[in-house]
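Student: Before we start, here is the structure in question, set down as C-alpha cells.
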Amino acid sequence: MTKIGEGEMPQEASQAKYHKQLQESIFRFEFALQNYQKSKDPEEIKHLDSVMNQQMELIRSSISEIKRSGIHKQGEAVLSDYDHYRNDPSSQNLTALQQDIYTLKEYNFTSGFR
C-alpha cells in the first residue's frame with residue numbers, strides 16, 4: 001500500500017496511459033501500412049485500410065490528450081502526411097509519412113513513454 005504523497009500523481013498516470021496508447025497505435029498503424037504496401041488481395045487491402053484509419057484516429061485522440069506541444073505539432077504533421085498519402089499513394093508521400101511517424105515515436109519516447 002502506498003502512503004500519501006508516494007507514487008504517481010493521477011495526472012501523471014493519465015499522461016502515461018496516453019503515451020502508451022500512442023505508442024501502441026503507432027505500432028499497429030506501421031504494421032498495417034507495411035502489409036498494405038505488400039498486399040495484392042483486395043479484401044486484405046480493404047481490411048488494412050480500415051485498420052490504418054482506426055489507428056490514425058487513436059493517434060489523433062492520444063496526441064490531443066498529451067500535454068506536450070512538440071507531440072502536438074509532430075502529430076499534426078503525421079495526420080497531414082496520412083491525408084496526402086491517402087489522396088496520392090506515391091513513394092514520396094509514403095516516405096514523408098514514414099519519416100514523420102518515426103519522429104513522432106521519438107518525441108513520444110523522450111517525453112514520457114518508457
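For the C-alpha cells, the naming scheme is as follows: chains receive sequential letters (A, B, ...) according to their order of presentation, residues are indexed from 1 within each chain, and ligands are indexed from 1 in presentation order.
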Any idea what's packed within 12 Å of Tyr85 in chain A, counting only C-alpha atoms, ignoring anything in its chain fewer than 2 positions away? Could you give it as a list of chain:residue names?
Tutor: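 Surrounding residues, per the criterion: A:Leu33, A:Gln37, A:Asp49, A:Met52, A:Val78, A:Leu79, A:Ser80, A:Asp81, A:Tyr82, A:Asp83, A:Asn87, A:Asp88, A:Pro89, A:Ser90, A:Ser91, A:Gln92, A:Asn93, A:Leu94, A:Thr95, A:Ala96, A:Leu97, A:Gln98.
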Student: Rounded to one decimal place, report the CA of Glu24 in chain A-CA of Ser69 in chain A distance in Å.
Tutor: 20.1 Å
Student: Can you list, as a PyMOL selection string, all residues belonging to chain A that DSSP tags as helix (DSSP H, G or I)?
Tutor: chain A and resi 10-38+42-65+69-87+91-110
Student: Pick from A:Gln74, A:Ser14, A:Gln55, A:Thr103: nearest to Phe27 in chain A, with only C-alpha atoms counted?
Tutor: A:Gln55
Student: Taking only C-alpha atoms into account, which of A:Gln23, A:Gln54, A:Ser64, A:Ser39 comes nearest Thr110 in chain A?
Tutor: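 For Thr110 in chain A, the nearest of the given residues is A:Gln23.
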Student: Pick out the residues sitting within 8 Å of Arg68 in chain A, and hand them over as a PyMOL selection string; count only C-alpha atoms, and ignore anything fewer than 3 positions along from it in its own chain.
Tutor: chain A and resi 71-72+111
Student: Can you write just those residues out, N, CA and C atoms, as a tab-separated table (two decimals), in the first residue's frame?
Tutor:
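Dumped to again-v3.tsv:
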chain	number	residue	atom	x	y	z
A	71	ILE	N	4.77	17.10	-29.39
A	71	ILE	CA	3.98	15.96	-29.87
A	71	ILE	C	2.79	16.44	-30.67
A	72	HIS	N	2.17	17.51	-30.24
A	72	HIS	CA	1.02	18.03	-30.99
A	72	HIS	C	1.43	18.43	-32.39
A	111	SER	N	9.40	12.12	-24.31
A	111	SER	CA	8.57	13.00	-23.48
A	111	SER	C	7.69	12.26	-22.49
